[in-house]
$ cat query_26.csv   # CSV, C-alpha atoms
chain,number,residue,atom,x,y,z
A,148,LYS,CA,17.4,8.2,31.2
A,149,VAL,CA,16.5,11.8,30.5
A,150,GLU,CA,19.4,12.1,28.1
A,151,GLU,CA,18.4,8.9,26.3
A,152,ALA,CA,14.8,10.2,26.0
A,153,LEU,CA,16.1,13.5,24.6
A,154,GLU,CA,18.3,11.7,22.0
A,155,ALA,CA,15.3,9.6,20.9
A,156,LEU,CA,13.2,12.7,20.6
A,157,ILE,CA,15.8,14.4,18.5
A,158,ALA,CA,16.1,11.4,16.2
A,159,ASP,CA,12.3,11.2,15.9
A,160,THR,CA,12.1,14.9,15.1
A,161,ALA,CA,14.7,14.5,12.3
A,162,ASP,CA,12.7,11.5,10.9
A,163,LEU,CA,9.5,13.6,11.0
A,164,GLN,CA,11.1,16.5,9.2
A,165,LEU,CA,12.4,14.1,6.5
A,166,LEU,CA,9.0,12.5,6.2
A,167,MET,CA,7.3,16.0,5.8
A,168,LYS,CA,9.8,17.0,3.2
A,169,ASN,CA,9.3,13.8,1.2
A,170,LEU,CA,5.5,14.0,1.4
A,171,ALA,CA,5.6,17.7,0.3
A,172,TYR,CA,7.7,16.7,-2.7
A,173,LEU,CA,5.5,13.8,-3.6
A,174,ILE,CA,2.2,15.7,-3.7
A,175,ALA,CA,3.6,18.9,-5.1
A,176,PRO,CA,3.1,19.6,-8.8
A,177,PRO,CA,6.1,19.3,-11.1
A,178,PRO,CA,8.3,22.4,-11.0
A,179,GLU,CA,8.4,22.7,-14.8
A,180,LEU,CA,5.4,21.8,-16.9
A,181,GLY,CA,7.4,20.8,-19.9
A,182,VAL,CA,10.0,18.6,-18.2
A,183,THR,CA,8.6,15.8,-16.1
A,184,GLU,CA,10.6,12.8,-15.1
A,185,GLU,CA,8.9,9.4,-15.4
A,186,PRO,CA,8.2,8.2,-11.8
A,187,THR,CA,9.5,4.9,-10.6
A,188,PRO,CA,7.0,2.0,-10.1
A,189,GLU,CA,7.2,2.6,-6.3
A,190,ILE,CA,6.2,6.2,-6.7
A,191,LYS,CA,3.4,5.3,-9.0
A,192,LEU,CA,2.2,2.8,-6.5
A,193,LEU,CA,2.5,5.3,-3.7
A,194,LYS,CA,0.5,7.9,-5.6
A,195,GLY,CA,-2.2,5.3,-6.3
A,196,VAL,CA,-2.4,4.3,-2.6
A,197,LEU,CA,-2.5,8.0,-1.6
A,198,GLY,CA,-5.6,8.4,-3.9
A,199,LEU,CA,-7.1,5.2,-2.4
A,200,ALA,CA,-6.6,6.4,1.1
A,201,ALA,CA,-8.2,9.8,0.3
A,202,HIS,CA,-11.2,8.2,-1.2
A,203,GLN,CA,-11.5,5.8,1.7
A,204,LYS,CA,-11.4,8.7,4.1
A,205,ASP,CA,-14.2,10.4,2.2
A,206,LEU,CA,-16.3,7.2,2.2
A,207,SER,CA,-15.7,6.8,5.9
A,208,ARG,CA,-17.1,10.3,6.5
A,209,GLN,CA,-20.1,9.5,4.3
A,210,THR,CA,-20.7,6.3,6.3
A,211,ARG,CA,-20.8,8.3,9.5
A,212,VAL,CA,-23.6,10.6,8.3
A,213,ALA,CA,-25.6,8.1,6.1
A,214,THR,CA,-29.1,7.0,6.9
A,215,PRO,CA,-29.6,3.3,7.4
A,216,GLU,CA,-31.1,3.1,3.9
A,217,GLN,CA,-28.1,4.8,2.4
A,218,LEU,CA,-25.6,2.3,3.9
A,219,THR,CA,-26.3,-0.4,1.4
A,220,GLY,CA,-25.7,2.1,-1.4
A,221,LEU,CA,-22.3,2.9,0.0
A,222,ASN,CA,-21.4,-0.8,-0.4
A,223,ALA,CA,-20.8,-0.4,-4.1
A,224,LYS,CA,-18.3,2.4,-3.5
A,225,GLN,CA,-16.6,0.3,-0.8
A,226,ARG,CA,-16.3,-2.7,-3.1
A,227,LYS,CA,-14.7,-0.5,-5.8
A,228,LEU,CA,-12.1,0.7,-3.3
A,229,GLU,CA,-11.6,-2.9,-2.3
A,230,LYS,CA,-10.9,-3.9,-5.9
A,231,GLN,CA,-8.5,-1.0,-6.3
A,232,CYS,CA,-6.6,-2.0,-3.2
A,233,ALA,CA,-6.4,-5.6,-4.5
A,234,SER,CA,-4.9,-4.3,-7.8
A,235,PHE,CA,-2.0,-2.7,-5.8
A,236,ILE,CA,-1.0,-5.8,-3.9
A,237,PRO,CA,1.0,-7.5,-6.7
A,238,ALA,CA,2.9,-4.2,-7.4
A,239,SER,CA,3.9,-3.9,-3.7
A,240,LYS,CA,5.9,-7.1,-3.7
A,241,SER,CA,3.7,-8.8,-1.2
A,242,HIS,CA,3.5,-5.9,1.3
A,243,THR,CA,1.6,-7.1,4.3
A,244,ASN,CA,0.0,-3.6,5.0
A,245,LEU,CA,-1.7,-3.6,1.7
A,246,ALA,CA,-3.0,-7.1,2.2
A,247,ALA,CA,-4.3,-6.1,5.6
A,248,ALA,CA,-5.9,-3.0,4.2
A,249,HIS,CA,-7.6,-5.1,1.5
A,250,GLN,CA,-9.0,-7.4,4.2
A,251,TYR,CA,-10.4,-4.4,6.2
A,252,LEU,CA,-11.9,-2.9,3.1
A,253,SER,CA,-13.6,-6.2,2.3
A,254,MET,CA,-14.9,-6.5,5.9
A,255,ALA,CA,-16.2,-2.9,5.7
A,256,ALA,CA,-18.1,-3.7,2.4
A,257,ALA,CA,-19.7,-6.7,4.0
A,258,LYS,CA,-20.7,-4.6,7.1
A,259,LEU,CA,-22.2,-1.9,4.8
A,260,GLU,CA,-24.2,-4.5,2.9
A,261,ALA,CA,-25.5,-5.8,6.3
A,262,SER,CA,-26.3,-2.1,7.3
A,263,ASP,CA,-24.0,-2.5,10.4
A,264,ARG,CA,-22.8,1.1,10.6
A,265,ALA,CA,-20.6,0.7,13.7
A,266,ALA,CA,-18.7,-2.3,12.4
A,267,ALA,CA,-18.3,-0.8,9.0
A,268,ILE,CA,-16.9,2.4,10.5
A,269,SER,CA,-14.5,0.3,12.6
A,270,SER,CA,-13.3,-1.6,9.6
A,271,GLN,CA,-12.9,1.6,7.5
A,272,HIS,CA,-10.9,3.1,10.3
A,273,GLU,CA,-8.6,0.1,10.5
A,274,ALA,CA,-8.2,0.2,6.7
A,275,GLY,CA,-7.3,3.9,6.9
A,276,GLU,CA,-4.7,3.3,9.6
A,277,VAL,CA,-3.0,0.4,7.7
A,278,LEU,CA,-3.0,2.5,4.5
A,279,ARG,CA,-1.4,5.4,6.4
A,280,PHE,CA,1.4,3.1,7.7
A,281,PHE,CA,2.0,1.8,4.2
A,282,ILE,CA,2.2,5.3,2.9
A,283,LEU,CA,4.6,6.5,5.6
A,284,GLU,CA,6.8,3.5,5.2
A,285,TYR,CA,7.0,3.9,1.4
A,286,VAL,CA,7.6,7.6,1.5
A,287,LEU,CA,10.6,7.2,3.8
A,288,LYS,CA,11.9,4.3,1.8
A,289,TYR,CA,11.4,5.3,-1.9
A,290,VAL,CA,10.9,9.1,-2.1
A,291,ASP,CA,14.2,11.1,-2.6
A,292,VAL,CA,13.9,14.8,-3.0
A,293,PRO,CA,16.3,15.9,-5.7
A,294,PRO,CA,18.7,18.6,-4.7
A,295,PRO,CA,17.9,22.1,-5.9
A,296,PRO,CA,19.6,23.2,-9.2
A,297,PRO,CA,22.7,25.4,-8.9
A,298,PRO,CA,21.7,29.1,-8.6
A,299,GLU,CA,22.0,31.1,-11.7
A,300,GLU,CA,24.3,34.1,-11.8
A,301,GLY,CA,22.7,37.1,-10.3
A,302,ALA,CA,19.7,35.2,-8.9
A,303,PRO,CA,18.7,36.0,-5.4
A,304,ASP,CA,19.4,33.3,-2.7
A,305,ASP,CA,16.5,31.2,-1.6
A,306,GLU,CA,17.1,31.0,2.1
A,307,ALA,CA,13.5,30.2,2.9
A,308,GLY,CA,13.5,27.0,0.9
A,309,GLU,CA,13.1,24.7,3.9
A,310,GLU,CA,10.4,26.9,5.3
A,311,THR,CA,8.3,26.7,2.2
A,312,ASP,CA,8.3,22.9,2.3
A,313,LEU,CA,7.0,23.0,5.8
A,314,GLN,CA,4.4,25.6,5.0
A,315,LEU,CA,2.4,22.9,3.3
A,316,PHE,CA,1.5,21.5,6.7
A,317,MET,CA,0.8,24.9,8.4
A,318,PRO,CA,-2.9,25.9,9.0
$ encode --input "query_26.csv" --output "C-alpha coordinates"
Amino acid sequence: KVEEALEALIADTADLQLLMKNLAYLIAPPPELGVTEEPTPEIKLLKGVLGLAAHQKDLSRQTRVATPEQLTGLNAKQRKLEKQCASFIPASKSHTNLAAAHQYLSMAAAKLEASDRAAAISSQHEAGEVLRFFILEYVLKYVDVPPPPPPEEGAPDDEAGEETDLQLFMP
(Lines of atoms letter the chains of each structure in order from A and count residues from 1; the text may use other names and numbers.)
(Lines give C-alpha, C1' and ligand atoms only; values in the text may rest on other atoms or scores of the structure.)
Protein backbone atom coordinates (compact mmCIF):
# COMPACT_ATOMS: atom_id res chain seq x y z
CA LYS A 1 0.00 0.00 0.00
CA VAL A 2 2.87 2.37 0.74
CA GLU A 3 4.32 1.77 -2.72
CA GLU A 4 0.94 2.46 -4.34
CA ALA A 5 0.59 5.67 -2.34
CA LEU A 6 4.10 6.72 -3.35
CA GLU A 7 3.36 6.06 -7.04
CA ALA A 8 0.13 8.07 -6.80
CA LEU A 9 1.99 10.93 -5.12
CA ILE A 10 4.67 10.92 -7.83
CA ALA A 11 1.99 10.99 -10.56
CA ASP A 12 0.15 13.84 -8.82
CA THR A 13 3.39 15.79 -8.49
CA ALA A 14 4.04 15.43 -12.22
CA ASP A 15 0.49 16.65 -12.97
CA LEU A 16 0.96 19.62 -10.64
CA GLN A 17 4.25 20.57 -12.31
CA LEU A 18 2.60 20.40 -15.74
CA LEU A 19 -0.30 22.51 -14.50
CA MET A 20 2.05 25.14 -13.03
CA LYS A 21 4.05 25.28 -16.26
CA ASN A 22 0.90 25.66 -18.37
CA LEU A 23 -0.58 28.33 -16.08
CA ALA A 24 2.70 30.28 -16.10
CA TYR A 25 2.74 30.17 -19.90
CA LEU A 26 -0.90 31.20 -20.14
CA ILE A 27 -0.59 34.32 -17.98
CA ALA A 28 2.88 35.38 -19.12
CA PRO A 29 3.19 38.22 -21.63
CA PRO A 30 4.13 37.22 -25.17
CA PRO A 31 7.90 36.75 -25.54
CA GLU A 32 8.12 39.06 -28.54
CA LEU A 33 5.94 42.12 -28.87
CA GLY A 34 5.83 42.09 -32.66
CA VAL A 35 5.04 38.42 -33.21
CA THR A 36 1.94 37.21 -31.40
CA GLU A 37 0.09 34.10 -32.39
CA GLU A 38 -3.71 34.19 -32.53
CA PRO A 39 -4.99 32.20 -29.54
CA THR A 40 -7.39 29.33 -30.05
CA PRO A 41 -11.04 29.78 -29.01
CA GLU A 42 -10.36 27.60 -25.96
CA ILE A 43 -7.49 29.85 -24.85
CA LYS A 44 -9.63 32.96 -25.39
CA LEU A 45 -12.37 31.38 -23.26
CA LEU A 46 -9.86 30.40 -20.61
CA LYS A 47 -8.43 33.92 -20.40
CA GLY A 48 -11.95 35.34 -20.13
CA VAL A 49 -12.82 32.94 -17.32
CA LEU A 50 -9.54 33.77 -15.56
CA GLY A 51 -10.57 37.44 -15.60
CA LEU A 52 -14.06 36.56 -14.38
CA ALA A 53 -12.63 34.49 -11.52
CA ALA A 54 -10.29 37.33 -10.51
CA HIS A 55 -13.14 39.87 -10.46
CA GLN A 56 -15.33 37.42 -8.55
CA LYS A 57 -12.61 37.01 -5.90
CA ASP A 58 -12.32 40.80 -5.56
CA LEU A 59 -16.09 41.12 -5.21
CA SER A 60 -16.11 38.36 -2.62
CA ARG A 61 -13.53 40.28 -0.58
CA GLN A 62 -15.61 43.47 -0.89
CA THR A 63 -18.69 41.57 0.30
CA ARG A 64 -16.90 40.42 3.44
CA VAL A 65 -16.07 43.98 4.54
CA ALA A 66 -19.14 45.83 3.22
CA THR A 67 -21.63 47.43 5.55
CA PRO A 68 -25.23 46.18 5.34
CA GLU A 69 -26.13 49.31 3.33
CA GLN A 70 -23.35 48.62 0.81
CA LEU A 71 -24.44 45.02 0.14
CA THR A 72 -27.29 45.99 -2.18
CA GLY A 73 -24.85 48.20 -4.12
CA LEU A 74 -22.62 45.19 -4.73
CA ASN A 75 -25.57 43.45 -6.34
CA ALA A 76 -25.03 45.36 -9.62
CA LYS A 77 -21.40 44.17 -9.80
CA GLN A 78 -22.49 40.61 -9.06
CA ARG A 79 -25.15 40.73 -11.82
CA LYS A 80 -22.52 41.98 -14.27
CA LEU A 81 -20.29 39.00 -13.45
CA GLU A 82 -23.32 36.71 -13.75
CA LYS A 83 -24.00 38.03 -17.28
CA GLN A 84 -20.34 37.67 -18.21
CA CYS A 85 -20.38 34.04 -17.05
CA ALA A 86 -23.55 33.40 -19.05
CA SER A 87 -21.81 34.69 -22.18
CA PHE A 88 -19.06 32.08 -21.74
CA ILE A 89 -21.41 29.11 -21.50
CA PRO A 90 -22.11 28.70 -25.28
CA ALA A 91 -18.38 28.89 -26.05
CA SER A 92 -17.55 26.15 -23.55
CA LYS A 93 -19.52 23.49 -25.42
CA SER A 94 -22.03 22.99 -22.58
CA HIS A 95 -19.44 22.73 -19.83
CA THR A 96 -21.22 21.89 -16.60
CA ASN A 97 -18.79 23.80 -14.37
CA LEU A 98 -19.56 27.10 -16.11
CA ALA A 99 -23.30 26.44 -15.86
CA ALA A 100 -22.90 25.70 -12.14
CA ALA A 101 -20.79 28.84 -11.66
CA HIS A 102 -23.49 30.88 -13.39
CA GLN A 103 -26.08 29.44 -11.01
CA TYR A 104 -23.95 30.28 -7.94
CA LEU A 105 -23.30 33.80 -9.25
CA SER A 106 -27.05 34.28 -9.73
CA MET A 107 -27.73 33.03 -6.20
CA ALA A 108 -25.06 35.38 -4.82
CA ALA A 109 -26.66 38.34 -6.60
CA ALA A 110 -30.06 37.48 -5.15
CA LYS A 111 -28.57 37.16 -1.65
CA LEU A 112 -26.78 40.51 -2.00
CA GLU A 113 -30.04 42.11 -3.08
CA ALA A 114 -31.66 40.69 0.06
CA SER A 115 -28.69 41.89 2.18
CA ASP A 116 -27.96 38.33 3.31
CA ARG A 117 -24.18 38.56 3.65
CA ALA A 118 -23.51 35.01 4.88
CA ALA A 119 -25.51 33.37 2.09
CA ALA A 120 -23.98 35.70 -0.52
CA ILE A 121 -20.45 34.89 0.65
CA SER A 122 -21.26 31.18 0.57
CA SER A 123 -22.57 31.39 -3.00
CA GLN A 124 -19.61 33.51 -4.06
CA HIS A 125 -17.23 30.96 -2.56
CA GLU A 126 -18.96 28.10 -4.40
CA ALA A 127 -18.83 30.05 -7.67
CA GLY A 128 -15.11 30.65 -7.15
CA GLU A 129 -14.47 26.97 -6.50
CA VAL A 130 -16.37 25.86 -9.60
CA LEU A 131 -14.58 28.47 -11.73
CA ARG A 132 -11.25 27.25 -10.35
CA PHE A 133 -12.05 23.65 -11.32
CA PHE A 134 -13.04 24.81 -14.81
CA ILE A 135 -9.77 26.74 -15.20
CA LEU A 136 -7.61 23.85 -14.00
CA GLU A 137 -9.36 21.38 -16.27
CA TYR A 138 -9.09 23.64 -19.32
CA VAL A 139 -5.43 24.48 -18.65
CA LEU A 140 -4.52 20.81 -18.55
CA LYS A 141 -6.61 20.04 -21.62
CA TYR A 142 -5.97 22.98 -23.97
CA VAL A 143 -2.75 24.79 -23.04
CA ASP A 144 0.37 23.45 -24.71
CA VAL A 145 3.62 25.22 -23.97
CA PRO A 146 5.60 25.47 -27.20
CA PRO A 147 9.15 24.13 -27.09
CA PRO A 148 11.91 26.70 -26.83
CA PRO A 149 13.49 27.85 -30.09
CA PRO A 150 16.82 26.23 -30.98
CA PRO A 151 19.74 28.05 -29.40
CA GLU A 152 21.64 30.45 -31.57
CA GLU A 153 25.33 29.89 -32.18
CA GLY A 154 27.37 31.31 -29.36
CA ALA A 155 24.36 31.89 -27.11
CA PRO A 156 24.71 30.82 -23.47
CA ASP A 157 22.75 27.75 -22.37
CA ASP A 158 19.61 28.42 -20.36
CA GLU A 159 19.81 25.67 -17.77
CA ALA A 160 17.53 27.57 -15.37
CA GLY A 161 14.57 27.59 -17.79
CA GLU A 162 12.42 25.28 -15.71
CA GLU A 163 13.23 27.12 -12.51
CA THR A 164 12.08 30.44 -13.98
CA ASP A 165 8.65 28.96 -14.78
CA LEU A 166 8.23 27.89 -11.19
CA GLN A 167 9.48 31.22 -9.81
CA LEU A 168 6.10 32.70 -10.75
CA PHE A 169 4.59 30.77 -7.84
CA MET A 170 7.36 31.53 -5.32
CA PRO A 171 6.73 34.10 -2.54
$ residues_around --input "query_26.csv" --residues "Gln209 in chain A" --least-positions-apart "5" --cutoff "10 Å" --atoms "only C-alpha atoms" --output "VMD selection string"
chain A and resid 203 to 204 214 217 to 218 221 268
$ write_last_selection --input "query_26.csv" --atoms "C-alpha atoms" --output "PDB file, in the frame of the given file"
ATOM      1  CA  GLN A 203     -11.500   5.800   1.700  1.00  0.00           C
ATOM      2  CA  LYS A 204     -11.400   8.700   4.100  1.00  0.00           C
ATOM      3  CA  THR A 214     -29.100   7.000   6.900  1.00  0.00           C
ATOM      4  CA  GLN A 217     -28.100   4.800   2.400  1.00  0.00           C
ATOM      5  CA  LEU A 218     -25.600   2.300   3.900  1.00  0.00           C
ATOM      6  CA  LEU A 221     -22.300   2.900   0.000  1.00  0.00           C
ATOM      7  CA  ILE A 268     -16.900   2.400  10.500  1.00  0.00           C
TER       8      ILE A 268
END
$ closest_residue --input "query_26.csv" --among "A:Ala261, A:Leu228, A:Leu193, A:Ala266" --to "Asp205 in chain A" --atoms "only C-alpha atoms"
A:Leu228
$ atom_distance --input "query_26.csv" --atom1 "CA of Val286 in chain A" --atom2 "CA of His272 in chain A"
21.0 Å
$ closest_residue --input "query_26.csv" --among "A:Ala265, A:Glu260, A:Leu278, A:Leu173" --to "Lys191 in chain A" --atoms "all atoms listed in the file"
A:Leu173
$ atom_distance --input "query_26.csv" --atom1 "CA of Asn222 in chain A" --atom2 "CA of Ala256 in chain A"
5.2 Å
$ closest_residue --input "query_26.csv" --among "A:Ile157, A:Ala248, A:Ile236, A:Ala152" --to "Gly275 in chain A" --atoms "all atoms listed in the file"
A:Ala248
$ atom_distance --input "query_26.csv" --atom1 "CA of Pro186 in chain A" --atom2 "CA of Tyr289 in chain A"
10.8 Å
$ residues_around --input "query_26.csv" --residues "Ala200 in chain A" --least-positions-apart "3" --cutoff "12 Å" --atoms "only C-alpha atoms" --output "PyMOL selection string"
chain A and resi 193-197+203-207+225+228-229+231-232+245+248-249+252+271-282
$ residues_near_point --input "query_26.csv" --point "(9.2, 14.7, -2.6)" --cutoff "7 Å" --atoms "all atoms listed in the file" --output "ChimeraX atom specification"
/A:168-173,290-292
$ write_last_selection --input "query_26.csv" --atoms "C-alpha atoms" --output "short mmCIF file (atom, residue, chain, number, x, y, z; two decimals), in the frame of the given file"
data_model
loop_
_atom_site.label_atom_id
_atom_site.label_comp_id
_atom_site.auth_asym_id
_atom_site.auth_seq_id
_atom_site.Cartn_x
_atom_site.Cartn_y
_atom_site.Cartn_z
CA LYS A 168 9.80 17.00 3.20
CA ASN A 169 9.30 13.80 1.20
CA LEU A 170 5.50 14.00 1.40
CA ALA A 171 5.60 17.70 0.30
CA TYR A 172 7.70 16.70 -2.70
CA LEU A 173 5.50 13.80 -3.60
CA VAL A 290 10.90 9.10 -2.10
CA ASP A 291 14.20 11.10 -2.60
CA VAL A 292 13.90 14.80 -3.00
#
$ closest_residue --input "query_26.csv" --among "A:Asn244, A:Ser262, A:Ser234, A:Thr160" --to "Pro215 in chain A" --atoms "all atoms listed in the file"
A:Ser262
$ closest_residue --input "query_26.csv" --among "A:Ala257, A:Ala155, A:Val149, A:Leu166" --to "Lys288 in chain A" --atoms "all atoms listed in the file"
A:Leu166
$ build_atoms --input "query_26.csv" --residues "range 202-224 of chain A" --atoms "N, CA, C and O atoms" --output "mmCIF file, keeping the file's coordinate frame"
data_model
loop_
_atom_site.group_PDB
_atom_site.id
_atom_site.type_symbol
_atom_site.label_atom_id
_atom_site.label_comp_id
_atom_site.auth_asym_id
_atom_site.auth_seq_id
_atom_site.Cartn_x
_atom_site.Cartn_y
_atom_site.Cartn_z
ATOM 1 N N HIS A 202 -9.870 8.573 -0.941
ATOM 2 C CA HIS A 202 -11.200 8.200 -1.200
ATOM 3 C C HIS A 202 -11.836 7.346 -0.084
ATOM 4 O O HIS A 202 -13.028 7.464 0.226
ATOM 5 N N GLN A 203 -10.997 6.541 0.563
ATOM 6 C CA GLN A 203 -11.500 5.800 1.700
ATOM 7 C C GLN A 203 -11.879 6.686 2.846
ATOM 8 O O GLN A 203 -12.884 6.454 3.504
ATOM 9 N N LYS A 204 -11.106 7.737 3.077
ATOM 10 C CA LYS A 204 -11.400 8.700 4.100
ATOM 11 C C LYS A 204 -12.765 9.388 3.828
ATOM 12 O O LYS A 204 -13.605 9.569 4.713
ATOM 13 N N ASP A 205 -12.961 9.769 2.566
ATOM 14 C CA ASP A 205 -14.200 10.400 2.200
ATOM 15 C C ASP A 205 -15.401 9.439 2.385
ATOM 16 O O ASP A 205 -16.451 9.834 2.895
ATOM 17 N N LEU A 206 -15.214 8.182 1.994
ATOM 18 C CA LEU A 206 -16.300 7.200 2.200
ATOM 19 C C LEU A 206 -16.570 6.955 3.643
ATOM 20 O O LEU A 206 -17.724 6.780 4.039
ATOM 21 N N SER A 207 -15.544 6.974 4.443
ATOM 22 C CA SER A 207 -15.700 6.800 5.900
ATOM 23 C C SER A 207 -16.558 7.950 6.462
ATOM 24 O O SER A 207 -17.445 7.720 7.292
ATOM 25 N N ARG A 208 -16.307 9.149 5.999
ATOM 26 C CA ARG A 208 -17.100 10.300 6.500
ATOM 27 C C ARG A 208 -18.558 10.174 5.996
ATOM 28 O O ARG A 208 -19.479 10.484 6.739
ATOM 29 N N GLN A 209 -18.754 9.703 4.763
ATOM 30 C CA GLN A 209 -20.100 9.500 4.300
ATOM 31 C C GLN A 209 -20.846 8.441 5.080
ATOM 32 O O GLN A 209 -22.038 8.570 5.342
ATOM 33 N N THR A 210 -20.121 7.403 5.478
ATOM 34 C CA THR A 210 -20.700 6.300 6.300
ATOM 35 C C THR A 210 -21.222 6.848 7.597
ATOM 36 O O THR A 210 -22.283 6.452 8.084
ATOM 37 N N ARG A 211 -20.471 7.737 8.198
ATOM 38 C CA ARG A 211 -20.800 8.300 9.500
ATOM 39 C C ARG A 211 -22.155 9.046 9.472
ATOM 40 O O ARG A 211 -22.895 9.043 10.449
ATOM 41 N N VAL A 212 -22.445 9.718 8.363
ATOM 42 C CA VAL A 212 -23.600 10.600 8.300
ATOM 43 C C VAL A 212 -24.780 9.946 7.491
ATOM 44 O O VAL A 212 -25.853 10.534 7.393
ATOM 45 N N ALA A 213 -24.558 8.773 6.925
ATOM 46 C CA ALA A 213 -25.600 8.100 6.100
ATOM 47 C C ALA A 213 -26.737 7.618 6.899
ATOM 48 O O ALA A 213 -26.562 7.190 8.043
ATOM 49 N N THR A 214 -27.905 7.642 6.284
ATOM 50 C CA THR A 214 -29.100 7.000 6.900
ATOM 51 C C THR A 214 -28.955 5.512 6.762
ATOM 52 O O THR A 214 -28.196 5.040 5.902
ATOM 53 N N PRO A 215 -29.683 4.746 7.551
ATOM 54 C CA PRO A 215 -29.600 3.300 7.400
ATOM 55 C C PRO A 215 -29.922 2.809 5.981
ATOM 56 O O PRO A 215 -29.329 1.839 5.507
ATOM 57 N N GLU A 216 -30.812 3.500 5.284
ATOM 58 C CA GLU A 216 -31.100 3.100 3.900
ATOM 59 C C GLU A 216 -29.987 3.395 2.952
ATOM 60 O O GLU A 216 -29.828 2.699 1.943
ATOM 61 N N GLN A 217 -29.191 4.403 3.240
ATOM 62 C CA GLN A 217 -28.100 4.800 2.400
ATOM 63 C C GLN A 217 -26.865 3.873 2.544
ATOM 64 O O GLN A 217 -25.996 3.825 1.673
ATOM 65 N N LEU A 218 -26.779 3.168 3.667
ATOM 66 C CA LEU A 218 -25.600 2.300 3.900
ATOM 67 C C LEU A 218 -25.375 1.275 2.878
ATOM 68 O O LEU A 218 -24.239 1.061 2.450
ATOM 69 N N THR A 219 -26.438 0.610 2.443
ATOM 70 C CA THR A 219 -26.300 -0.400 1.400
ATOM 71 C C THR A 219 -25.802 0.170 0.102
ATOM 72 O O THR A 219 -25.083 -0.479 -0.653
ATOM 73 N N GLY A 220 -26.184 1.419 -0.167
ATOM 74 C CA GLY A 220 -25.700 2.100 -1.400
ATOM 75 C C GLY A 220 -24.244 2.411 -1.350
ATOM 76 O O GLY A 220 -23.587 2.470 -2.385
ATOM 77 N N LEU A 221 -23.706 2.604 -0.153
ATOM 78 C CA LEU A 221 -22.300 2.900 0.000
ATOM 79 C C LEU A 221 -21.439 1.620 -0.235
ATOM 80 O O LEU A 221 -20.230 1.698 -0.452
ATOM 81 N N ASN A 222 -22.097 0.480 -0.176
ATOM 82 C CA ASN A 222 -21.400 -0.800 -0.400
ATOM 83 C C ASN A 222 -20.715 -0.852 -1.731
ATOM 84 O O ASN A 222 -19.598 -1.341 -1.840
ATOM 85 N N ALA A 223 -21.368 -0.357 -2.773
ATOM 86 C CA ALA A 223 -20.800 -0.400 -4.100
ATOM 87 C C ALA A 223 -19.474 0.421 -4.164
ATOM 88 O O ALA A 223 -18.476 -0.012 -4.763
ATOM 89 N N LYS A 224 -19.467 1.583 -3.519
ATOM 90 C CA LYS A 224 -18.300 2.400 -3.500
ATOM 91 C C LYS A 224 -17.153 1.683 -2.697
ATOM 92 O O LYS A 224 -15.984 1.712 -3.080
#
